[in-house]
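Asks: Next up is a structure, given as C-alpha cells.
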Amino acid sequence: AGASGNVGSAAVHTLAQMAGAQVKALTRSSAGDKVASLKVLENVDIVECDIADRTSLSGVFDGVTAALLTCGNHQGQVATEKSFIDAAVAAGCPFLVKLGAVRCYTAKDSKSEYARFHAEIEEHLEKTAGAMKWTVLCPNWFMSNHLGDIFGSLPLGVIAYPLDPKAKAGVVDPRDVGDLAANLMMAPDPSAHHGLKLDVSGPENISVTEIAALYSDALSRPIAAVKPSVEEWITAGVGGGLEEWLARAASVNFIYWEAGDLAFPTSPQALAAAPPKRTMAAWIKEWSPRSPPPAV
C-alpha cells in the first residue's frame, strides 16, 4: 500500500528487479508520474483501491507472501492503517512491513501528532497480528524533506531550519528505506525480523551548515544556513503547501536534531539486509539543478 509514495515507489522498483517477485502495487489512483513509472515494470500489477475501505481490499491479499504498509502522514491515518492491518490478518498474510516514524519520539504522548498516530497503529499491530509476522521501519529525517530548499528557499540564497546549524543528523534517502523494505519482504524467513522496530539512517551524519556548503558547491553561488524561529519555519511550511498540523508535527524533529538524538545509527539487522548508501551530497547533485534561478 502506498505504491506512489517515495518509499513505496522505491520498494516496487526494487522488488521488480528481484527474481521471483510478483508485485501488486496498491494506490488510490493509477494516474500521475510516479504510477506511470511503475506501469512499465515487469511483474508489477497496479491495483486501485482505498485501503481505508475494507471492501476495497477484498482479494488484494490472495496469494500474497508479504505486504508493505507505507502511508503519508495524514488525519485519519490511524483508521486507515488499522483497516489495512486487519485485512492482512484476516486474509492470512504471512508477513507485513510497516513504515513508522523516528523511533525516539514515537509514543502515544509524543509532541508530534503523527508520531502519536504511529504509536497507536503499532500498538494495534502488536495486539492483533496473531500468526502474522511483522517488522516496523523507523526512518530518520528524509532527504526529500529538503525539497522545500530546492523549490523554496534556495532562490533566496538560504536554507532555513530552527536548530543549531552545526548539529548533525543521519538524514536518509527514502529510496534506501524502500530498498530495505523490499529486501525484508523477500527474505526467506520473515520470522528472523519479526517484532523488530528497525532504525534507518543515512550512511553519514550531516549538519545544516554542511548541507548549505553542498548546495553552494552544486549551484556555484553562496547558500547560507539561517536559523528562524520554530513558528517562522511552520509559517513558511504552510506557505509552501503543508497543512499546519503537519508542519507543526514535523517541527518536533528539530528539537531532537539539535539535541543530537537524530544522529543515531541504522539497526544492525537493517544493515545486514540492505544498508543505506545514498548520501546527501548525491541527493543535492541530483536535485539542485531543478531549483529555480536566484530571485532578483
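Just so we're on the same page: first chain in the C-alpha cells is A, next is B, and so on; residues restart at 1 for each chain, and ligands are numbered from 1 in the order they show up.
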When you look at Ala11 (chain A) with a cut-off of 9 Å (counting only C-alpha atoms), what residues show up, excluding the ones that are within fewer than 4 positions of it in the same chain? I need them as a compact mmCIF listing (two decimals) with N, CA and C atoms, in the first residue's frame.
Replies:
# COMPACT_ATOMS: atom_id res chain seq x y z
N ALA A 3 1.95 2.74 -3.00
CA ALA A 3 2.94 2.49 -4.05
C ALA A 3 3.39 3.75 -4.76
N ASN A 6 7.14 8.04 -1.90
CA ASN A 6 8.59 7.94 -2.11
C ASN A 6 9.14 6.58 -1.69
N VAL A 7 8.74 6.11 -0.52
CA VAL A 7 9.23 4.82 -0.03
C VAL A 7 8.56 3.68 -0.81
N LEU A 15 11.64 -4.42 -5.89
CA LEU A 15 11.03 -5.74 -5.98
C LEU A 15 10.94 -6.22 -7.42
N ALA A 16 10.66 -5.30 -8.33
CA ALA A 16 10.50 -5.67 -9.74
C ALA A 16 11.78 -6.23 -10.34
N LEU A 68 3.62 -4.47 2.30
CA LEU A 68 4.26 -3.25 2.79
C LEU A 68 3.17 -2.20 3.01
N ARG A 175 14.44 6.36 -0.78
CA ARG A 175 14.65 5.24 -1.69
C ARG A 175 15.44 4.12 -1.01
N ASP A 176 16.35 4.49 -0.10
CA ASP A 176 17.07 3.46 0.66
C ASP A 176 16.14 2.72 1.60
N VAL A 177 15.15 3.42 2.15
CA VAL A 177 14.17 2.78 3.02
C VAL A 177 13.30 1.82 2.20
N GLY A 178 12.94 2.23 0.99
CA GLY A 178 12.19 1.34 0.10
C GLY A 178 12.98 0.11 -0.29
N ASP A 179 14.27 0.30 -0.55
CA ASP A 179 15.14 -0.85 -0.87
C ASP A 179 15.17 -1.84 0.30
N LEU A 180 15.29 -1.30 1.51
CA LEU A 180 15.32 -2.15 2.70
C LEU A 180 14.01 -2.92 2.84
N ALA A 181 12.89 -2.21 2.68
CA ALA A 181 11.59 -2.87 2.79
C ALA A 181 11.47 -4.02 1.80
N ALA A 182 11.90 -3.80 0.57
CA ALA A 182 11.82 -4.84 -0.46
C ALA A 182 12.65 -6.05 -0.08
N ASN A 183 13.84 -5.82 0.42
CA ASN A 183 14.71 -6.94 0.80
C ASN A 183 14.15 -7.72 1.98
Asks: Name the residues in contact with Val172 (chain A) at a cut-off of 6 Å, using only C-alpha atoms, excluding same-chain residues fewer than 3 positions from it; report them as a PyMOL selection string.
Replies: chain A and resi 142-143+201-202
Asks: Can you tell me, as a PyMOL selection string, what residues are no more than 8 Å from Glu113 (chain A) when counting only C-alpha atoms, ignoring any on the same chain fewer than 5 positions away?
Replies: chain A and resi 245-246+249
Asks: Pick from A:Gly170, A:Gly195, A:Pro222, A:Gly130: nearest to Thr279 (chain A), with only C-alpha atoms counted?
Replies: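 Of A:Gly170, A:Gly195, A:Pro222, A:Gly130, the one nearest Thr279 (chain A), counting only C-alpha atoms, is A:Gly170.
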Asks: Measuring between only C-alpha atoms, which one of A:Ala247, A:Leu262, A:Ala225, A:Val44 shows the shortest distance to Glu204 (chain A)?
Replies: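 That would be A:Leu262, the residue with the smallest distance to Glu204 (chain A).
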Asks: Just want the 8 Å neighbourhood of Glu81 (chain A), counted on only C-alpha atoms, with same-chain residues fewer than 5 positions away dropped. Output as a list in words.
Replies: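 Once the adjacent positions are removed, what remains is Ile51, Ala52, Leu69, Cys71 and Ile121 of chain A.
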Asks: Please measure the separation of CA of Lys24 (chain A) and CA of Leu196 (chain A), giving the value in Å to one decimal.
Replies: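 That distance, rounded to one decimal, is 24.4 Å.
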Asks: Going by DSSP on the backbone, which bits of region 11-210 of chain A are strand (DSSP E or B)? Write them as a ChimeraX atom specification, please.
Replies: /A:23-27,44-48,67-69,95-99,133-139,142,158-160,168-169,172,196-200,206-207
Asks: Take the selection from the previous step and output its residues with N, CA, C and O atoms, as a compact mmCIF listing (two decimals), in the first residue's frame.
Replies:
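Dumped everything to result-v7.txt:
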# COMPACT_ATOMS: atom_id res chain seq x y z
N VAL A 23 4.48 -8.44 -8.04
CA VAL A 23 4.12 -7.32 -7.17
C VAL A 23 2.73 -6.79 -7.47
O VAL A 23 2.38 -6.55 -8.64
N LYS A 24 1.94 -6.60 -6.43
CA LYS A 24 0.70 -5.85 -6.51
C LYS A 24 0.98 -4.47 -5.91
O LYS A 24 1.27 -4.35 -4.72
N ALA A 25 0.91 -3.44 -6.74
CA ALA A 25 1.20 -2.07 -6.30
C ALA A 25 -0.12 -1.36 -6.04
O ALA A 25 -0.84 -1.01 -6.97
N LEU A 26 -0.44 -1.16 -4.76
CA LEU A 26 -1.71 -0.57 -4.38
C LEU A 26 -1.62 0.95 -4.34
O LEU A 26 -0.69 1.51 -3.74
N THR A 27 -2.58 1.61 -4.95
CA THR A 27 -2.60 3.07 -4.96
C THR A 27 -4.05 3.53 -5.12
O THR A 27 -4.87 2.83 -5.72
N VAL A 44 4.67 -6.33 -12.32
CA VAL A 44 4.00 -5.39 -11.43
C VAL A 44 2.59 -5.14 -11.94
O VAL A 44 2.38 -4.75 -13.09
N ASP A 45 1.61 -5.38 -11.06
CA ASP A 45 0.20 -5.09 -11.36
C ASP A 45 -0.23 -3.89 -10.53
O ASP A 45 -0.07 -3.89 -9.29
N ILE A 46 -0.77 -2.86 -11.17
CA ILE A 46 -1.26 -1.69 -10.46
C ILE A 46 -2.70 -1.97 -10.01
O ILE A 46 -3.55 -2.34 -10.83
N VAL A 47 -2.96 -1.80 -8.71
CA VAL A 47 -4.27 -2.08 -8.15
C VAL A 47 -4.80 -0.81 -7.51
O VAL A 47 -4.23 -0.29 -6.55
N GLU A 48 -5.88 -0.27 -8.07
CA GLU A 48 -6.52 0.90 -7.48
C GLU A 48 -7.42 0.46 -6.33
O GLU A 48 -8.29 -0.39 -6.51
N ALA A 67 3.52 -8.02 2.70
CA ALA A 67 2.88 -6.75 2.36
C ALA A 67 3.67 -5.60 2.97
O ALA A 67 4.29 -5.75 4.03
N LEU A 68 3.62 -4.47 2.30
CA LEU A 68 4.26 -3.25 2.79
C LEU A 68 3.17 -2.20 3.01
O LEU A 68 2.39 -1.92 2.10
N LEU A 69 3.16 -1.63 4.20
CA LEU A 69 2.20 -0.58 4.54
C LEU A 69 2.96 0.73 4.72
O LEU A 69 3.68 0.92 5.69
N PHE A 95 3.38 -11.95 6.36
CA PHE A 95 4.39 -11.00 6.82
C PHE A 95 4.00 -9.60 6.39
O PHE A 95 3.58 -9.40 5.24
N LEU A 96 4.14 -8.64 7.30
CA LEU A 96 3.84 -7.25 6.99
C LEU A 96 4.99 -6.36 7.45
O LEU A 96 5.47 -6.48 8.59
N VAL A 97 5.43 -5.47 6.58
CA VAL A 97 6.42 -4.45 6.91
C VAL A 97 5.69 -3.11 6.96
O VAL A 97 5.02 -2.74 5.98
N LYS A 98 5.77 -2.43 8.07
CA LYS A 98 5.11 -1.12 8.22
C LYS A 98 6.15 -0.01 8.28
O LYS A 98 7.16 -0.13 8.96
N LEU A 99 5.87 1.08 7.59
CA LEU A 99 6.69 2.27 7.70
C LEU A 99 6.24 3.06 8.91
O LEU A 99 5.07 3.43 9.03
N LYS A 133 3.70 -12.38 10.92
CA LYS A 133 4.96 -11.76 11.34
C LYS A 133 4.97 -10.31 10.87
O LYS A 133 4.35 -9.96 9.88
N TRP A 134 5.70 -9.46 11.58
CA TRP A 134 5.73 -8.04 11.22
C TRP A 134 7.04 -7.40 11.62
O TRP A 134 7.74 -7.84 12.54
N THR A 135 7.37 -6.33 10.90
CA THR A 135 8.54 -5.50 11.19
C THR A 135 8.16 -4.05 10.95
O THR A 135 7.42 -3.76 10.00
N VAL A 136 8.63 -3.15 11.79
CA VAL A 136 8.41 -1.72 11.60
C VAL A 136 9.73 -1.05 11.25
O VAL A 136 10.75 -1.28 11.93
N LEU A 137 9.73 -0.25 10.20
CA LEU A 137 10.91 0.53 9.82
C LEU A 137 10.75 1.94 10.38
O LEU A 137 9.72 2.59 10.18
N CYS A 138 11.78 2.42 11.06
CA CYS A 138 11.74 3.72 11.75
C CYS A 138 12.80 4.63 11.14
O CYS A 138 13.91 4.76 11.68
N PRO A 139 12.48 5.28 10.01
CA PRO A 139 13.50 6.07 9.32
C PRO A 139 13.76 7.41 9.97
O PRO A 139 12.90 7.99 10.65
N PHE A 142 13.98 12.52 6.38
CA PHE A 142 14.15 12.19 4.97
C PHE A 142 14.87 13.30 4.20
O PHE A 142 14.60 14.48 4.39
N VAL A 158 19.34 30.95 0.75
CA VAL A 158 19.42 30.44 2.12
C VAL A 158 18.75 29.07 2.22
O VAL A 158 17.95 28.68 1.36
N ILE A 159 19.08 28.35 3.28
CA ILE A 159 18.25 27.26 3.77
C ILE A 159 17.98 27.58 5.24
O ILE A 159 18.87 28.07 5.95
N ALA A 160 16.76 27.33 5.69
CA ALA A 160 16.34 27.83 7.00
C ALA A 160 15.71 26.72 7.83
O ALA A 160 14.67 26.16 7.45
N LYS A 168 24.13 17.66 14.01
CA LYS A 168 24.12 16.67 12.93
C LYS A 168 23.00 15.64 13.08
O LYS A 168 22.55 15.34 14.18
N ALA A 169 22.56 15.13 11.93
CA ALA A 169 21.54 14.09 11.88
C ALA A 169 21.88 13.12 10.75
O ALA A 169 22.52 13.49 9.77
N VAL A 172 18.25 10.40 5.69
CA VAL A 172 18.21 9.19 4.87
C VAL A 172 17.36 9.42 3.62
O VAL A 172 16.35 10.12 3.67
N LEU A 196 10.56 -6.66 15.24
CA LEU A 196 11.63 -5.67 15.33
C LEU A 196 11.16 -4.30 14.85
O LEU A 196 10.36 -4.19 13.92
N LYS A 197 11.65 -3.27 15.51
CA LYS A 197 11.45 -1.89 15.07
C LYS A 197 12.84 -1.35 14.74
O LYS A 197 13.64 -1.09 15.63
N LEU A 198 13.11 -1.25 13.45
CA LEU A 198 14.47 -1.03 12.96
C LEU A 198 14.71 0.44 12.64
O LEU A 198 13.99 1.05 11.84
N ASP A 199 15.74 1.02 13.27
CA ASP A 199 16.17 2.37 12.95
C ASP A 199 16.84 2.37 11.58
O ASP A 199 17.60 1.44 11.25
N VAL A 200 16.57 3.41 10.79
CA VAL A 200 17.17 3.50 9.46
C VAL A 200 17.68 4.93 9.25
O VAL A 200 16.90 5.87 9.13
N ILE A 206 25.12 14.58 9.10
CA ILE A 206 25.41 15.83 8.42
C ILE A 206 24.66 16.98 9.09
O ILE A 206 23.59 16.77 9.68
N SER A 207 25.24 18.17 9.03
CA SER A 207 24.64 19.34 9.64
C SER A 207 24.02 20.24 8.58
O SER A 207 24.31 20.12 7.38
Asks: By how many Å are CA of Pro162 (chain A) and CA of Ala115 (chain A) apart?
Replies: 19.6 Å
Asks: Give me, as a short mmCIF file (atom, residue, chain, number, x, y, z; two decimals) with N, CA, C and O atoms, in the first residue's frame, all polymer residues having an atom no more than 10 Å from Asp164 (chain A), counting only C-alpha atoms and skipping those fewer than 6 positions away in the same chain.
Replies:
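Here's the written file around.cif:
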data_model
loop_
_atom_site.label_atom_id
_atom_site.label_comp_id
_atom_site.auth_asym_id
_atom_site.auth_seq_id
_atom_site.Cartn_x
_atom_site.Cartn_y
_atom_site.Cartn_z
N SER A 207 25.24 18.17 9.03
CA SER A 207 24.64 19.34 9.64
C SER A 207 24.02 20.24 8.58
O SER A 207 24.31 20.12 7.38
N VAL A 208 23.19 21.18 9.02
CA VAL A 208 22.60 22.16 8.10
C VAL A 208 23.70 23.02 7.48
O VAL A 208 23.64 23.37 6.29
N THR A 209 24.73 23.33 8.25
CA THR A 209 25.86 24.09 7.72
C THR A 209 26.53 23.33 6.58
O THR A 209 26.85 23.92 5.53
N ALA A 225 23.19 29.10 5.75
CA ALA A 225 22.32 28.41 6.69
C ALA A 225 21.84 29.43 7.72
O ALA A 225 22.66 30.04 8.41
N VAL A 226 20.53 29.63 7.80
CA VAL A 226 19.97 30.58 8.77
C VAL A 226 19.05 29.84 9.72
O VAL A 226 18.53 28.76 9.42
N LYS A 227 18.86 30.43 10.90
CA LYS A 227 18.06 29.81 11.95
C LYS A 227 16.83 30.65 12.25
O LYS A 227 16.89 31.61 13.02
N PHE A 254 13.21 18.99 14.93
CA PHE A 254 14.34 19.89 15.15
C PHE A 254 14.78 19.93 16.62
O PHE A 254 15.93 20.20 16.91
N ILE A 255 13.85 19.64 17.53
CA ILE A 255 14.21 19.52 18.94
C ILE A 255 15.21 18.39 19.11
O ILE A 255 16.24 18.52 19.78
N TRP A 257 16.92 16.84 16.64
CA TRP A 257 18.10 17.05 15.81
C TRP A 257 19.12 17.90 16.58
O TRP A 257 20.30 17.54 16.66
N GLU A 258 18.67 19.00 17.16
CA GLU A 258 19.59 19.89 17.88
C GLU A 258 20.20 19.20 19.10
O GLU A 258 21.36 19.43 19.45
N ALA A 259 19.44 18.31 19.73
CA ALA A 259 19.93 17.59 20.90
C ALA A 259 20.88 16.45 20.55
O ALA A 259 21.47 15.83 21.45
#
Asks: Would you mind telling me which residue in A:Val238, A:Cys49, A:Ala213, A:Ala167 lies nearest to Ala263 (chain A) when using only C-alpha atoms?
Replies: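 That would be A:Ala167, the residue with the smallest distance to Ala263 (chain A).
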Asks: Determine the nearest neighbour of Glu122 (chain A) from the options A:Val64, A:Leu147, A:Leu184, A:Val78, counting only C-alpha atoms.
Replies: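 Result for the nearest residue to Glu122 (chain A): A:Val78.
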Asks: Report the residues of region 4-206 of chain A whose backbone DSSP state falls under alpha helix (DSSP H), written as a PyMOL selection string.
Replies: chain A and resi 6-16+33-39+77-90+113-128+147-148+174-185
Asks: With a distance cut-off of 7 Å and only C-alpha atoms, select the neighbouring residues of region 284-294 of chain A, excluding the residue or stretch itself and same-chain residues fewer than 2 positions from it, and output the selection as an MDAnalysis selection string.
Replies: chainID A and resid 150:151 155:156 215 218:219 280:282 296
Asks: Using the selection just defined, write its residues with all heavy atoms as a PDB file, in the first residue's frame.
Replies:
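Output file selection.pdb is given in full below:
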ATOM      1  N   ILE A 150      14.928  23.181  -2.309  1.00  0.00           N
ATOM      2  CA  ILE A 150      15.093  23.202  -3.763  1.00  0.00           C
ATOM      3  C   ILE A 150      14.126  24.181  -4.416  1.00  0.00           C
ATOM      4  O   ILE A 150      14.519  25.004  -5.256  1.00  0.00           O
ATOM      5  CB  ILE A 150      14.892  21.784  -4.344  1.00  0.00           C
ATOM      6  CG1 ILE A 150      15.930  20.802  -3.769  1.00  0.00           C
ATOM      7  CG2 ILE A 150      14.953  21.810  -5.869  1.00  0.00           C
ATOM      8  CD1 ILE A 150      17.359  21.089  -4.127  1.00  0.00           C
ATOM      9  N   PHE A 151      12.868  24.085  -4.046  1.00  0.00           N
ATOM     10  CA  PHE A 151      11.843  24.874  -4.720  1.00  0.00           C
ATOM     11  C   PHE A 151      11.380  26.093  -3.924  1.00  0.00           C
ATOM     12  O   PHE A 151      10.542  26.858  -4.400  1.00  0.00           O
ATOM     13  CB  PHE A 151      10.641  23.978  -5.057  1.00  0.00           C
ATOM     14  CG  PHE A 151      10.992  22.855  -5.979  1.00  0.00           C
ATOM     15  CD1 PHE A 151      11.036  21.550  -5.517  1.00  0.00           C
ATOM     16  CD2 PHE A 151      11.312  23.105  -7.300  1.00  0.00           C
ATOM     17  CE1 PHE A 151      11.375  20.503  -6.365  1.00  0.00           C
ATOM     18  CE2 PHE A 151      11.651  22.068  -8.164  1.00  0.00           C
ATOM     19  CZ  PHE A 151      11.684  20.765  -7.700  1.00  0.00           C
ATOM     20  N   PRO A 155      16.398  29.860  -4.102  1.00  0.00           N
ATOM     21  CA  PRO A 155      16.429  31.077  -4.922  1.00  0.00           C
ATOM     22  C   PRO A 155      16.682  32.341  -4.107  1.00  0.00           C
ATOM     23  O   PRO A 155      17.110  33.361  -4.660  1.00  0.00           O
ATOM     24  CB  PRO A 155      15.031  31.102  -5.560  1.00  0.00           C
ATOM     25  CG  PRO A 155      14.633  29.668  -5.625  1.00  0.00           C
ATOM     26  CD  PRO A 155      15.164  29.074  -4.351  1.00  0.00           C
ATOM     27  N   LEU A 156      16.449  32.254  -2.793  1.00  0.00           N
ATOM     28  CA  LEU A 156      16.709  33.393  -1.908  1.00  0.00           C
ATOM     29  C   LEU A 156      18.118  33.348  -1.314  1.00  0.00           C
ATOM     30  O   LEU A 156      18.498  34.228  -0.536  1.00  0.00           O
ATOM     31  CB  LEU A 156      15.676  33.418  -0.770  1.00  0.00           C
ATOM     32  CG  LEU A 156      14.208  33.467  -1.215  1.00  0.00           C
ATOM     33  CD1 LEU A 156      13.281  33.381   0.000  1.00  0.00           C
ATOM     34  CD2 LEU A 156      13.931  34.742  -2.009  1.00  0.00           C
ATOM     35  N   TYR A 215      25.109  22.711  -1.209  1.00  0.00           N
ATOM     36  CA  TYR A 215      24.304  23.495  -2.149  1.00  0.00           C
ATOM     37  C   TYR A 215      25.166  24.566  -2.824  1.00  0.00           C
ATOM     38  O   TYR A 215      25.052  24.798  -4.036  1.00  0.00           O
ATOM     39  CB  TYR A 215      23.144  24.169  -1.430  1.00  0.00           C
ATOM     40  CG  TYR A 215      21.946  23.298  -1.147  1.00  0.00           C
ATOM     41  CD1 TYR A 215      21.388  23.252   0.136  1.00  0.00           C
ATOM     42  CD2 TYR A 215      21.339  22.546  -2.143  1.00  0.00           C
ATOM     43  CE1 TYR A 215      20.264  22.471   0.406  1.00  0.00           C
ATOM     44  CE2 TYR A 215      20.224  21.765  -1.871  1.00  0.00           C
ATOM     45  CZ  TYR A 215      19.687  21.733  -0.595  1.00  0.00           C
ATOM     46  OH  TYR A 215      18.576  20.972  -0.333  1.00  0.00           O
ATOM     47  N   ALA A 218      27.232  22.934  -5.456  1.00  0.00           N
ATOM     48  CA  ALA A 218      26.433  22.431  -6.574  1.00  0.00           C
ATOM     49  C   ALA A 218      25.902  23.557  -7.451  1.00  0.00           C
ATOM     50  O   ALA A 218      25.795  23.402  -8.672  1.00  0.00           O
ATOM     51  CB  ALA A 218      25.277  21.595  -6.050  1.00  0.00           C
ATOM     52  N   LEU A 219      25.586  24.689  -6.832  1.00  0.00           N
ATOM     53  CA  LEU A 219      24.974  25.802  -7.556  1.00  0.00           C
ATOM     54  C   LEU A 219      25.973  26.886  -7.956  1.00  0.00           C
ATOM     55  O   LEU A 219      25.609  27.827  -8.667  1.00  0.00           O
ATOM     56  CB  LEU A 219      23.864  26.424  -6.705  1.00  0.00           C
ATOM     57  CG  LEU A 219      22.681  25.503  -6.387  1.00  0.00           C
ATOM     58  CD1 LEU A 219      21.780  26.148  -5.336  1.00  0.00           C
ATOM     59  CD2 LEU A 219      21.884  25.190  -7.649  1.00  0.00           C
ATOM     60  N   MET A 280      23.773  12.639   1.175  1.00  0.00           N
ATOM     61  CA  MET A 280      23.135  13.940   0.943  1.00  0.00           C
ATOM     62  C   MET A 280      23.809  14.651  -0.220  1.00  0.00           C
ATOM     63  O   MET A 280      23.151  15.351  -0.999  1.00  0.00           O
ATOM     64  CB  MET A 280      23.213  14.796   2.213  1.00  0.00           C
ATOM     65  CG  MET A 280      22.342  16.040   2.175  1.00  0.00           C
ATOM     66  SD  MET A 280      20.585  15.610   2.179  1.00  0.00           S
ATOM     67  CE  MET A 280      19.825  17.178   1.776  1.00  0.00           C
ATOM     68  N   ALA A 281      25.116  14.466  -0.372  1.00  0.00           N
ATOM     69  CA  ALA A 281      25.828  15.097  -1.490  1.00  0.00           C
ATOM     70  C   ALA A 281      25.270  14.600  -2.823  1.00  0.00           C
ATOM     71  O   ALA A 281      25.069  15.386  -3.761  1.00  0.00           O
ATOM     72  CB  ALA A 281      27.323  14.804  -1.398  1.00  0.00           C
ATOM     73  N   ALA A 282      24.994  13.300  -2.909  1.00  0.00           N
ATOM     74  CA  ALA A 282      24.444  12.745  -4.147  1.00  0.00           C
ATOM     75  C   ALA A 282      23.020  13.244  -4.383  1.00  0.00           C
ATOM     76  O   ALA A 282      22.639  13.548  -5.518  1.00  0.00           O
ATOM     77  CB  ALA A 282      24.466  11.219  -4.092  1.00  0.00           C
ATOM     78  N   VAL A 296      15.470  37.849  -8.117  1.00  0.00           N
ATOM     79  CA  VAL A 296      16.073  39.159  -8.467  1.00  0.00           C
ATOM     80  C   VAL A 296      15.805  40.135  -7.332  1.00  0.00           C
ATOM     81  O   VAL A 296      14.681  40.248  -6.850  1.00  0.00           O
ATOM     82  CB  VAL A 296      15.462  39.687  -9.786  1.00  0.00           C
ATOM     83  CG1 VAL A 296      16.050  41.053 -10.091  1.00  0.00           C
ATOM     84  CG2 VAL A 296      15.760  38.709 -10.905  1.00  0.00           C
TER      85      VAL A 296
END
Asks: May I ask which of the residues A:Pro203, A:Gly148, A:Pro165, A:Pro94 is the closest one to Pro275 (chain A), counting only C-alpha atoms?
Replies: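 Between A:Pro203, A:Gly148, A:Pro165, A:Pro94, the residue approaching Pro275 (chain A) most closely is A:Pro203.
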